[in-house]
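Asker: Quick one: the structure is below, and I'll ask about it shortly.
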Amino acid sequence: MLTNKKVTIYVTGGIAVYKAADLVRKFIKAGAEVKVAMTASAQEFVTPLTFQVLSKHEVYTDTFDEKDAQFVSHIHLADWTELAVVAPATANIIAKMANGIADDFVSTALLATTAPRLIVPAMNQHMLENPATVRNMGALKSYGYEIMEPDTGFLAEGYEGKGRMPEPEKIVEAAQLVVLNNAKELPLKGKKVLITAGGTKERIDPVRFITNDSSGKMGYSLAKAARDLGAEVTLVTATNLLPIPFGIEPISVQSSKEMETAVLDKFHNIDMVIMAAAVSDYRPKTQATVKIKKTNEDMNLVLEKTTDILAELGKRKTGQFLIGFAAETHEVERYAMDKLNRKNADMIVANDVSKEYAGFNKDTNEVIIYQVDKEPIQISVRSKDLIAEEILYAAIESMHDEMGTE
Ligand SMILES: Cc1cc2nc3c(=O)[nH]c(=O)nc-3n(C[C@H](O)[C@H](O)[C@H](O)COP(=O)(O)O)c2cc1C
């Protein structure tokens with residue numbers, strides 16, 4: 001997302017300037033071309049030379065230091081920029097930006113740029129909570145600027161409080177999201193996609209449950225791929241072992257019943273559902289409220305059927321594109337085609353989980369995509385991230401086909 005993006009980092013005079021050097025490195029590592037502009041106050045903390053070496057570009061500090069007669073440098077930089085990041089952003093620069101003040105290089109270039117702006121405030125908690133700062137940040141939001149929430153923690157003043165600059169990794173993630181939200185021609189832009197992931201847990205008692213081998217990796221890869229194609233993604237997740245990808249709304253569930261409730265609750269307002277979770281087919285008929293004690297006897301556990309969420313969605317669908325997964329160990333095609341028809345799905349992604357490089361808990365997968373009246377699409381073994389992209393490309397093509405025939 002940030003590959004070859006032209007990013008200008010505007011560094012202003014807060015104690016968090018030391019983190020801005022690492023921020024430049026992280027942006028470059030993410031593929032961006034970075035230029036840096038600094039206020040006079042920022043240069044009291046770190047010299048421009050640090051940023052010049054890291055960015056491999058001269059650092060902009062002085063509005064009237066016009067080295068190239070061909071250009072007015074603050075306008076040239078403002079026009080070059082595809083994403084402007086103000087980090088750390090002092091209370092002072094926030095006030096200036098909110099009021100259109102342009103009295104040094106940084107504030108003048110920021111006023112002149114038309115690129116999306118990501119502001120990363122970092123300051124003492126009392127400065128942050130001052131009504132003037134609150135009002136100024138509100139004004140910036142109303143202009144459409146993205147403002148990151150400062151972290152809470154140990155402040156330079158020697159006490160706990162809110163106002164710390166978030167870690168560079170988080171800023172790069174926020175920047176990726178700003179770029180994504182401003183991208184114009186993404187195929188899933190404006191679409192709402194709901195994805196389920198992980199193996200549900202069916203409680204026997206407060207300390208025991210039945211589950212399966214699903215890690216949730218395929219669902220998480222799909223969530224990231226859908227986000228990167230522009231979708232607004234909700235991830236109903238039955239695992240808490242994977243980090244939630246940035247820019248995605250997570251809904252945490254445990255049982256198939258909780259997953260069913262979460263999915264049905266959102267379904268009416270969704271364009272595409274991908275049921276990548278391994279939902280338990282059965283659950284204990286009764287759940288003990290206290291731990292079941294061991295006895296000398298064998299124990300019988302009576303299981304009852306859970307709701308088939310995919311089939312339920314198939315019955316209720318009113319135009320949503322419905323994708324299910326079939327994890328099989330044999331006769332993959334027969335079961336997948338049967339599932340497609342019986343559950344009124346638009347696509348079934350089948351994988352043979354008996355293969356060593358596919359299915360549960362692996363980082364790779366190999367799948368066949370089945371759709372009604374279409375030739376199966378075979379996707380050979382590759383990372384789950386790449387498989388996710390292929391699945392979504394196939395789904396987007398089919399959605400376009402459907403719209404074309406309406
Ligand atoms: C040691 C020190 C630390 C400072 N840290 C911050 C800070 O974290 N946030 C902030 O808004 N101002 C901070 N200031 C105050 C700003 O440097 C001051 O308001 C300055 O005018 C900001 O100028 P600029 O916005 O042009 O960079 C600090 C000042 C000093 C001396």
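Going through the structure tokens in order, the chains are called A, B, and so on, while each chain numbers its residues from 1 and the ligands are numbered from 1 in the order shown.
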Collect all residues with atoms no farther than 8 Å from ligand 1, counting only C-alpha atoms and all ligand atoms, and output them as number ranges by chain.

Answerer: A: 11-16, 38-42, 88-94, 104, 106, 121-124, 127, 156, 163-164

Asker: Please return, as a PyMOL selection string, all residues of stretch 44-264 of chain A that DSSP assigns to strand (DSSP E or B) on the basis of the backbone.

Answerer: chain A and resi 60+83-89+117-121+146-147+151-154+160-164+192-197+199+202-205+208-210+232-237+249-252

Asker: Would you mind listing what lies within 8 Å of A:Asp79 as a VMD selection string, with only C-alpha atoms counted and same-chain residues fewer than 4 positions away left out?

Answerer: chain A and resid 75 112 to 115

Asker: Could the residues in this selection be written to a file with C-alpha atoms, as an mmCIF file, in the first residue's frame?

Answerer:
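The new file part-v9.cif reads:
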```cif
data_model
loop_
_atom_site.group_PDB
_atom_site.id
_atom_site.type_symbol
_atom_site.label_atom_id
_atom_site.label_comp_id
_atom_site.auth_asym_id
_atom_site.auth_seq_id
_atom_site.Cartn_x
_atom_site.Cartn_y
_atom_site.Cartn_z
ATOM 1 C CA ILE A 75 4.940 24.509 -2.825
ATOM 2 C CA ALA A 112 -0.375 24.316 0.674
ATOM 3 C CA THR A 113 -0.623 20.550 0.319
ATOM 4 C CA THR A 114 -3.721 18.812 -1.001
ATOM 5 C CA ALA A 115 -2.501 15.361 0.050
#
```

Asker: Excluding stretch 370-376 of chain A and its own-chain neighbours fewer than 3 positions away, which residues fall within 10 Å of it when counting only C-alpha atoms? Please give them as a ChimeraX atom specification.

Answerer: /A:323-324,333,336-337,339-341,344-350,367,379,394-395,398

Asker: Mind writing the picked residues with N, CA, C and O atoms as a CSV table (one decimal), in the first residue's frame?

Answerer:
```csv
chain,number,residue,atom,x,y,z
A,323,ILE,N,-20.0,-16.9,0.4
A,323,ILE,CA,-18.9,-17.8,0.1
A,323,ILE,C,-18.7,-18.8,1.3
A,323,ILE,O,-18.7,-18.3,2.5
A,324,GLY,N,-18.7,-20.1,1.1
A,324,GLY,CA,-18.5,-21.0,2.1
A,324,GLY,C,-17.2,-21.8,1.9
A,324,GLY,O,-16.6,-21.8,0.8
A,333,GLU,N,-14.6,-32.8,-4.5
A,333,GLU,CA,-15.5,-32.1,-5.5
A,333,GLU,C,-17.0,-32.5,-5.2
A,333,GLU,O,-17.9,-31.6,-5.2
A,336,ALA,N,-18.2,-30.6,-2.1
A,336,ALA,CA,-18.2,-29.1,-2.3
A,336,ALA,C,-19.4,-28.7,-3.2
A,336,ALA,O,-20.1,-27.8,-2.9
A,337,MET,N,-19.6,-29.5,-4.3
A,337,MET,CA,-20.8,-29.2,-5.2
A,337,MET,C,-22.1,-29.4,-4.5
A,337,MET,O,-23.0,-28.6,-4.6
A,339,LYS,N,-22.6,-29.0,-1.3
A,339,LYS,CA,-22.7,-27.9,-0.3
A,339,LYS,C,-23.2,-26.6,-1.0
A,339,LYS,O,-24.0,-25.9,-0.5
A,340,LEU,N,-22.6,-26.4,-2.2
A,340,LEU,CA,-22.9,-25.2,-3.0
A,340,LEU,C,-24.4,-25.2,-3.3
A,340,LEU,O,-25.1,-24.1,-3.1
A,341,ASN,N,-25.0,-26.3,-3.7
A,341,ASN,CA,-26.4,-26.3,-4.1
A,341,ASN,C,-27.3,-26.4,-2.9
A,341,ASN,O,-28.3,-25.6,-2.9
A,344,ASN,N,-27.4,-23.0,-1.0
A,344,ASN,CA,-27.7,-21.7,-1.8
A,344,ASN,C,-26.5,-20.7,-1.7
A,344,ASN,O,-26.7,-19.5,-1.6
A,345,ALA,N,-25.3,-21.2,-1.7
A,345,ALA,CA,-24.1,-20.4,-1.7
A,345,ALA,C,-23.8,-20.0,-3.1
A,345,ALA,O,-24.2,-20.6,-4.1
A,346,ASP,N,-23.0,-18.9,-3.2
A,346,ASP,CA,-22.5,-18.5,-4.6
A,346,ASP,C,-21.2,-19.1,-4.9
A,346,ASP,O,-20.8,-19.1,-6.1
A,347,MET,N,-20.4,-19.5,-3.9
A,347,MET,CA,-19.1,-20.0,-4.1
A,347,MET,C,-18.7,-20.9,-2.9
A,347,MET,O,-19.0,-20.6,-1.8
A,348,ILE,N,-18.1,-22.0,-3.3
A,348,ILE,CA,-17.5,-22.9,-2.2
A,348,ILE,C,-16.1,-23.0,-2.5
A,348,ILE,O,-15.6,-23.4,-3.6
A,349,VAL,N,-15.3,-22.7,-1.5
A,349,VAL,CA,-13.8,-22.9,-1.6
A,349,VAL,C,-13.5,-24.2,-0.9
A,349,VAL,O,-13.7,-24.3,0.3
A,350,ALA,N,-13.0,-25.2,-1.6
A,350,ALA,CA,-12.8,-26.5,-1.1
A,350,ALA,C,-11.3,-26.7,-0.9
A,350,ALA,O,-10.5,-26.4,-1.7
A,367,VAL,N,-6.4,-24.7,-3.0
A,367,VAL,CA,-7.9,-24.8,-3.0
A,367,VAL,C,-8.5,-24.9,-4.4
A,367,VAL,O,-7.8,-24.7,-5.4
A,379,ILE,N,-6.5,-23.4,-7.5
A,379,ILE,CA,-5.4,-22.5,-7.1
A,379,ILE,C,-4.3,-23.4,-6.4
A,379,ILE,O,-4.6,-24.0,-5.4
A,394,ALA,N,-11.8,-13.8,-7.7
A,394,ALA,CA,-12.8,-14.7,-8.4
A,394,ALA,C,-14.2,-14.2,-8.0
A,394,ALA,O,-15.1,-14.1,-8.8
A,395,ALA,N,-14.3,-13.9,-6.7
A,395,ALA,CA,-15.7,-13.4,-6.2
A,395,ALA,C,-16.0,-12.1,-6.8
A,395,ALA,O,-17.2,-11.9,-7.2
A,398,SER,N,-17.3,-12.6,-10.3
A,398,SER,CA,-18.6,-13.2,-10.3
A,398,SER,C,-19.7,-12.2,-9.9
A,398,SER,O,-20.8,-12.1,-10.5
```

Asker: So, with only C-alpha atoms as the atoms that count, which of A:Ile391, A:Leu49, A:Val72, A:Leu83 lies closest to A:Tyr10?

Answerer: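 Distance minimum relative to A:Tyr10 lands on A:Leu83.
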
Asker: For the atom pair atom CA of A:Glu328 and atom CA of A:Ser252, what is the interatomic distance in Å to one decimal place?

Answerer: 26.1 Å

Asker: Tell me which protein, DNA and RNA residues are within 7 Å of stretch 58-62 of chain A, counting only C-alpha atoms, leaving out same-chain ones fewer than 5 positions away, and put them as a CSV table (one decimal) with N, CA, C and O atoms, in the first residue's frame.

Answerer:
```csv
chain,number,residue,atom,x,y,z
A,35,LYS,N,10.4,12.3,2.4
A,35,LYS,CA,11.1,13.5,2.6
A,35,LYS,C,10.7,14.1,4.0
A,35,LYS,O,9.6,13.8,4.5
A,36,VAL,N,11.6,14.9,4.6
A,36,VAL,CA,11.3,15.4,5.9
A,36,VAL,C,11.4,16.9,5.9
A,36,VAL,O,12.3,17.5,5.3
A,37,ALA,N,10.5,17.5,6.7
A,37,ALA,CA,10.6,19.0,7.0
A,37,ALA,C,10.5,19.1,8.5
A,37,ALA,O,9.8,18.4,9.2
A,38,MET,N,11.3,20.1,9.0
A,38,MET,CA,11.4,20.3,10.5
A,38,MET,C,11.1,21.7,10.8
A,38,MET,O,11.5,22.6,10.2
A,39,THR,N,10.5,21.9,12.0
A,39,THR,CA,10.4,23.2,12.6
A,39,THR,C,11.7,23.6,13.3
A,39,THR,O,12.5,22.7,13.6
A,48,PRO,N,18.8,18.2,11.6
A,48,PRO,CA,18.3,17.7,10.3
A,48,PRO,C,19.2,16.6,9.7
A,48,PRO,O,18.7,15.8,8.9
A,51,PHE,N,17.8,13.1,9.8
A,51,PHE,CA,16.8,12.8,8.9
A,51,PHE,C,17.3,12.8,7.5
A,51,PHE,O,16.8,12.0,6.6
A,52,GLN,N,18.3,13.6,7.2
A,52,GLN,CA,18.8,13.6,5.8
A,52,GLN,C,19.5,12.3,5.5
A,52,GLN,O,19.2,11.7,4.4
A,104,ASP,N,6.1,29.5,9.0
A,104,ASP,CA,7.4,28.8,8.8
A,104,ASP,C,7.3,27.8,7.7
A,104,ASP,O,6.2,27.6,7.2
A,105,PHE,N,8.4,27.0,7.5
A,105,PHE,CA,8.3,26.1,6.3
A,105,PHE,C,7.2,25.1,6.5
A,105,PHE,O,6.4,24.8,5.7
```

Asker: For A:Tyr393, which residue among A:Leu23, A:Ala225, A:Met148, A:Met218 is the nearest when counting only C-alpha atoms?

Answerer: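 Result for the nearest residue to A:Tyr393: A:Ala225.
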
Asker: Set the distance at 10 Å and use only C-alpha atoms: which residues neighbour stretch 257-259 of chain A once local chain neighbours fewer than 3 positions away are removed? I'd like the list as a PyMOL selection string.

Answerer: chain A and resi 196-197+200-202+236-238+251-254+262-265+277+279-280+283+306-307+309

Asker: Report the residues of stretch 155-397 of chain A whose backbone DSSP state falls under alpha helix (DSSP H), written as a compact mmCIF listing (two decimals) with N, CA and C atoms, in the first residue's frame.

Answerer:
```txt
# COMPACT_ATOMS: atom_id res chain seq x y z
N PRO A 168 6.10 3.84 16.17
CA PRO A 168 6.16 4.01 14.71
C PRO A 168 5.38 2.95 13.92
N GLU A 169 5.39 1.69 14.37
CA GLU A 169 4.66 0.64 13.63
C GLU A 169 3.18 1.01 13.53
N LYS A 170 2.63 1.51 14.64
CA LYS A 170 1.21 1.86 14.65
C LYS A 170 0.93 3.04 13.72
N ILE A 171 1.88 3.97 13.66
CA ILE A 171 1.70 5.15 12.80
C ILE A 171 1.72 4.71 11.32
N VAL A 172 2.62 3.79 10.99
CA VAL A 172 2.69 3.31 9.60
C VAL A 172 1.38 2.59 9.25
N GLU A 173 0.85 1.82 10.18
CA GLU A 173 -0.43 1.13 9.93
C GLU A 173 -1.54 2.15 9.70
N ALA A 174 -1.56 3.19 10.54
CA ALA A 174 -2.60 4.22 10.39
C ALA A 174 -2.45 4.91 9.03
N ALA A 175 -1.19 5.10 8.61
CA ALA A 175 -0.92 5.76 7.32
C ALA A 175 -1.43 4.88 6.19
N GLN A 176 -1.23 3.57 6.33
CA GLN A 176 -1.70 2.65 5.29
C GLN A 176 -3.21 2.76 5.13
N LEU A 177 -3.87 2.90 6.27
CA LEU A 177 -5.32 3.00 6.25
C LEU A 177 -5.77 4.31 5.59
N VAL A 178 -5.05 5.39 5.87
CA VAL A 178 -5.38 6.68 5.25
C VAL A 178 -5.23 6.56 3.72
N VAL A 179 -4.13 5.93 3.29
CA VAL A 179 -3.90 5.75 1.84
C VAL A 179 -5.03 4.92 1.23
N LEU A 180 -5.37 3.86 1.95
CA LEU A 180 -6.44 2.97 1.48
C LEU A 180 -7.77 3.71 1.34
N ASN A 181 -8.10 4.47 2.37
CA ASN A 181 -9.37 5.18 2.36
C ASN A 181 -9.43 6.27 1.30
N ASN A 182 -8.25 6.73 0.87
CA ASN A 182 -8.23 7.78 -0.15
C ASN A 182 -8.04 7.22 -1.56
N LYS A 217 -6.24 -18.73 10.44
CA LYS A 217 -5.30 -18.02 9.55
C LYS A 217 -5.92 -17.68 8.19
N MET A 218 -6.70 -18.61 7.62
CA MET A 218 -7.29 -18.35 6.30
C MET A 218 -8.27 -17.17 6.39
N GLY A 219 -9.09 -17.16 7.45
CA GLY A 219 -10.06 -16.07 7.62
C GLY A 219 -9.36 -14.72 7.79
N TYR A 220 -8.27 -14.73 8.56
CA TYR A 220 -7.54 -13.47 8.79
C TYR A 220 -6.89 -12.99 7.49
N SER A 221 -6.36 -13.93 6.69
CA SER A 221 -5.78 -13.55 5.40
C SER A 221 -6.85 -12.95 4.49
N LEU A 222 -8.04 -13.56 4.52
CA LEU A 222 -9.15 -13.02 3.71
C LEU A 222 -9.55 -11.63 4.17
N ALA A 223 -9.55 -11.43 5.49
CA ALA A 223 -9.93 -10.12 6.03
C ALA A 223 -8.94 -9.04 5.56
N LYS A 224 -7.65 -9.37 5.60
CA LYS A 224 -6.63 -8.39 5.15
C LYS A 224 -6.78 -8.12 3.66
N ALA A 225 -6.99 -9.20 2.88
CA ALA A 225 -7.09 -9.03 1.42
C ALA A 225 -8.32 -8.19 1.07
N ALA A 226 -9.45 -8.44 1.76
CA ALA A 226 -10.67 -7.67 1.47
C ALA A 226 -10.46 -6.20 1.84
N ARG A 227 -9.81 -5.97 2.98
CA ARG A 227 -9.50 -4.59 3.39
C ARG A 227 -8.63 -3.92 2.32
N ASP A 228 -7.60 -4.61 1.85
CA ASP A 228 -6.68 -4.00 0.89
C ASP A 228 -7.34 -3.76 -0.46
N SER A 256 -20.62 -21.51 18.54
CA SER A 256 -21.29 -21.38 17.25
C SER A 256 -22.54 -20.51 17.40
N LYS A 257 -23.19 -20.59 18.59
CA LYS A 257 -24.40 -19.79 18.82
C LYS A 257 -24.05 -18.30 18.78
N GLU A 258 -22.93 -17.94 19.46
CA GLU A 258 -22.50 -16.53 19.46
C GLU A 258 -22.13 -16.09 18.05
N MET A 259 -21.48 -16.99 17.30
CA MET A 259 -21.11 -16.63 15.93
C MET A 259 -22.37 -16.43 15.09
N GLU A 260 -23.32 -17.33 15.25
CA GLU A 260 -24.59 -17.23 14.50
C GLU A 260 -25.26 -15.88 14.79
N THR A 261 -25.34 -15.54 16.08
CA THR A 261 -26.01 -14.28 16.46
C THR A 261 -25.30 -13.08 15.84
N ALA A 262 -23.95 -13.08 15.91
CA ALA A 262 -23.18 -11.94 15.38
C ALA A 262 -23.36 -11.82 13.87
N VAL A 263 -23.33 -12.97 13.18
CA VAL A 263 -23.43 -12.94 11.71
C VAL A 263 -24.84 -12.52 11.28
N LEU A 264 -25.85 -13.12 11.90
CA LEU A 264 -27.23 -12.81 11.48
C LEU A 264 -27.57 -11.35 11.79
N ASP A 265 -27.01 -10.84 12.88
CA ASP A 265 -27.25 -9.46 13.27
C ASP A 265 -26.77 -8.47 12.20
N LYS A 266 -25.66 -8.82 11.54
CA LYS A 266 -25.06 -7.89 10.57
C LYS A 266 -25.52 -8.16 9.13
N PHE A 267 -26.04 -9.36 8.89
CA PHE A 267 -26.20 -9.87 7.52
C PHE A 267 -26.97 -8.92 6.58
N ILE A 309 -24.89 -22.22 9.86
CA ILE A 309 -24.98 -20.76 9.62
C ILE A 309 -25.00 -20.46 8.11
N LEU A 310 -24.14 -21.16 7.35
CA LEU A 310 -24.09 -20.90 5.91
C LEU A 310 -25.45 -21.19 5.26
N ALA A 311 -26.06 -22.33 5.64
CA ALA A 311 -27.37 -22.67 5.06
C ALA A 311 -28.42 -21.63 5.47
N GLU A 312 -28.32 -21.16 6.71
CA GLU A 312 -29.27 -20.15 7.20
C GLU A 312 -29.13 -18.85 6.39
N LEU A 313 -27.89 -18.49 6.10
CA LEU A 313 -27.65 -17.28 5.30
C LEU A 313 -28.18 -17.49 3.88
N GLY A 314 -27.97 -18.72 3.37
CA GLY A 314 -28.46 -19.06 2.03
C GLY A 314 -29.96 -18.87 1.92
N LYS A 315 -30.67 -19.23 3.01
CA LYS A 315 -32.14 -19.06 3.00
C LYS A 315 -32.53 -17.59 3.03
N ARG A 316 -31.76 -16.81 3.81
CA ARG A 316 -32.15 -15.41 4.05
C ARG A 316 -31.62 -14.43 3.02
N VAL A 332 -13.57 -34.52 -2.46
CA VAL A 332 -13.68 -33.08 -2.25
C VAL A 332 -14.71 -32.45 -3.19
N GLU A 333 -14.63 -32.80 -4.49
CA GLU A 333 -15.52 -32.14 -5.45
C GLU A 333 -17.00 -32.47 -5.17
N ARG A 334 -17.26 -33.75 -4.90
CA ARG A 334 -18.67 -34.14 -4.69
C ARG A 334 -19.26 -33.39 -3.49
N TYR A 335 -18.52 -33.35 -2.39
CA TYR A 335 -19.04 -32.68 -1.19
C TYR A 335 -19.17 -31.16 -1.41
N ALA A 336 -18.19 -30.60 -2.13
CA ALA A 336 -18.21 -29.15 -2.35
C ALA A 336 -19.41 -28.75 -3.21
N MET A 337 -19.65 -29.51 -4.30
CA MET A 337 -20.77 -29.17 -5.19
C MET A 337 -22.11 -29.37 -4.47
N ASP A 338 -22.15 -30.40 -3.64
CA ASP A 338 -23.37 -30.66 -2.88
C ASP A 338 -23.64 -29.49 -1.91
N LYS A 339 -22.58 -29.03 -1.26
CA LYS A 339 -22.71 -27.92 -0.31
C LYS A 339 -23.18 -26.64 -1.02
N LEU A 340 -22.59 -26.40 -2.19
CA LEU A 340 -22.93 -25.22 -2.98
C LEU A 340 -24.43 -25.17 -3.28
N ASN A 341 -24.96 -26.30 -3.73
CA ASN A 341 -26.37 -26.34 -4.14
C ASN A 341 -27.31 -26.36 -2.93
N ARG A 342 -26.97 -27.21 -1.96
CA ARG A 342 -27.85 -27.41 -0.81
C ARG A 342 -27.96 -26.12 0.03
N LYS A 384 -1.42 -18.47 2.42
CA LYS A 384 -2.84 -18.18 2.61
C LYS A 384 -3.18 -16.75 2.20
N ASP A 385 -2.21 -15.82 2.35
CA ASP A 385 -2.45 -14.43 1.92
C ASP A 385 -2.72 -14.39 0.41
N LEU A 386 -1.91 -15.14 -0.35
CA LEU A 386 -2.09 -15.12 -1.82
C LEU A 386 -3.35 -15.88 -2.23
N ILE A 387 -3.64 -16.96 -1.52
CA ILE A 387 -4.89 -17.70 -1.80
C ILE A 387 -6.09 -16.77 -1.57
N ALA A 388 -6.02 -15.99 -0.47
CA ALA A 388 -7.11 -15.07 -0.13
C ALA A 388 -7.35 -14.08 -1.27
N GLU A 389 -6.26 -13.55 -1.83
CA GLU A 389 -6.40 -12.59 -2.95
C GLU A 389 -7.10 -13.26 -4.13
N GLU A 390 -6.68 -14.48 -4.45
CA GLU A 390 -7.27 -15.18 -5.60
C GLU A 390 -8.77 -15.42 -5.39
N ILE A 391 -9.13 -15.81 -4.17
CA ILE A 391 -10.55 -16.06 -3.87
C ILE A 391 -11.35 -14.77 -4.08
N LEU A 392 -10.80 -13.67 -3.59
CA LEU A 392 -11.54 -12.41 -3.71
C LEU A 392 -11.62 -11.93 -5.16
N TYR A 393 -10.53 -12.13 -5.92
CA TYR A 393 -10.60 -11.74 -7.34
C TYR A 393 -11.70 -12.53 -8.05
N ALA A 394 -11.77 -13.84 -7.74
CA ALA A 394 -12.80 -14.68 -8.38
C ALA A 394 -14.19 -14.20 -7.96
N ALA A 395 -14.35 -13.86 -6.67
CA ALA A 395 -15.66 -13.40 -6.18
C ALA A 395 -16.05 -12.07 -6.83
N ILE A 396 -15.08 -11.16 -6.96
CA ILE A 396 -15.36 -9.84 -7.55
C ILE A 396 -15.82 -10.03 -9.01
N GLU A 397 -15.12 -10.93 -9.72
CA GLU A 397 -15.50 -11.17 -11.12
C GLU A 397 -16.94 -11.70 -11.20
```

Asker: Tell me which protein, DNA and RNA residues are within 8 Å of A:Glu146, counting only C-alpha atoms, leaving out same-chain ones fewer than 5 positions away, and put them as a list in words.

Answerer: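 Near neighbours after the sequence-gap exclusion: Pro116, Arg117, Leu118, Ile119, Leu140, Lys141 and Val178 of chain A.
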
Asker: By how many Å are atom CA of A:Leu303 and atom CA of A:Tyr282 apart?

Answerer: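 Going from atom CA of A:Leu303 over to atom CA of A:Tyr282 covers 5.8 Å.
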
Asker: With distances taken over only C-alpha atoms, which of A:Leu194, A:Val290, A:Leu242, A:Gly230 is nearest to A:Ile270?

Answerer: A:Leu194
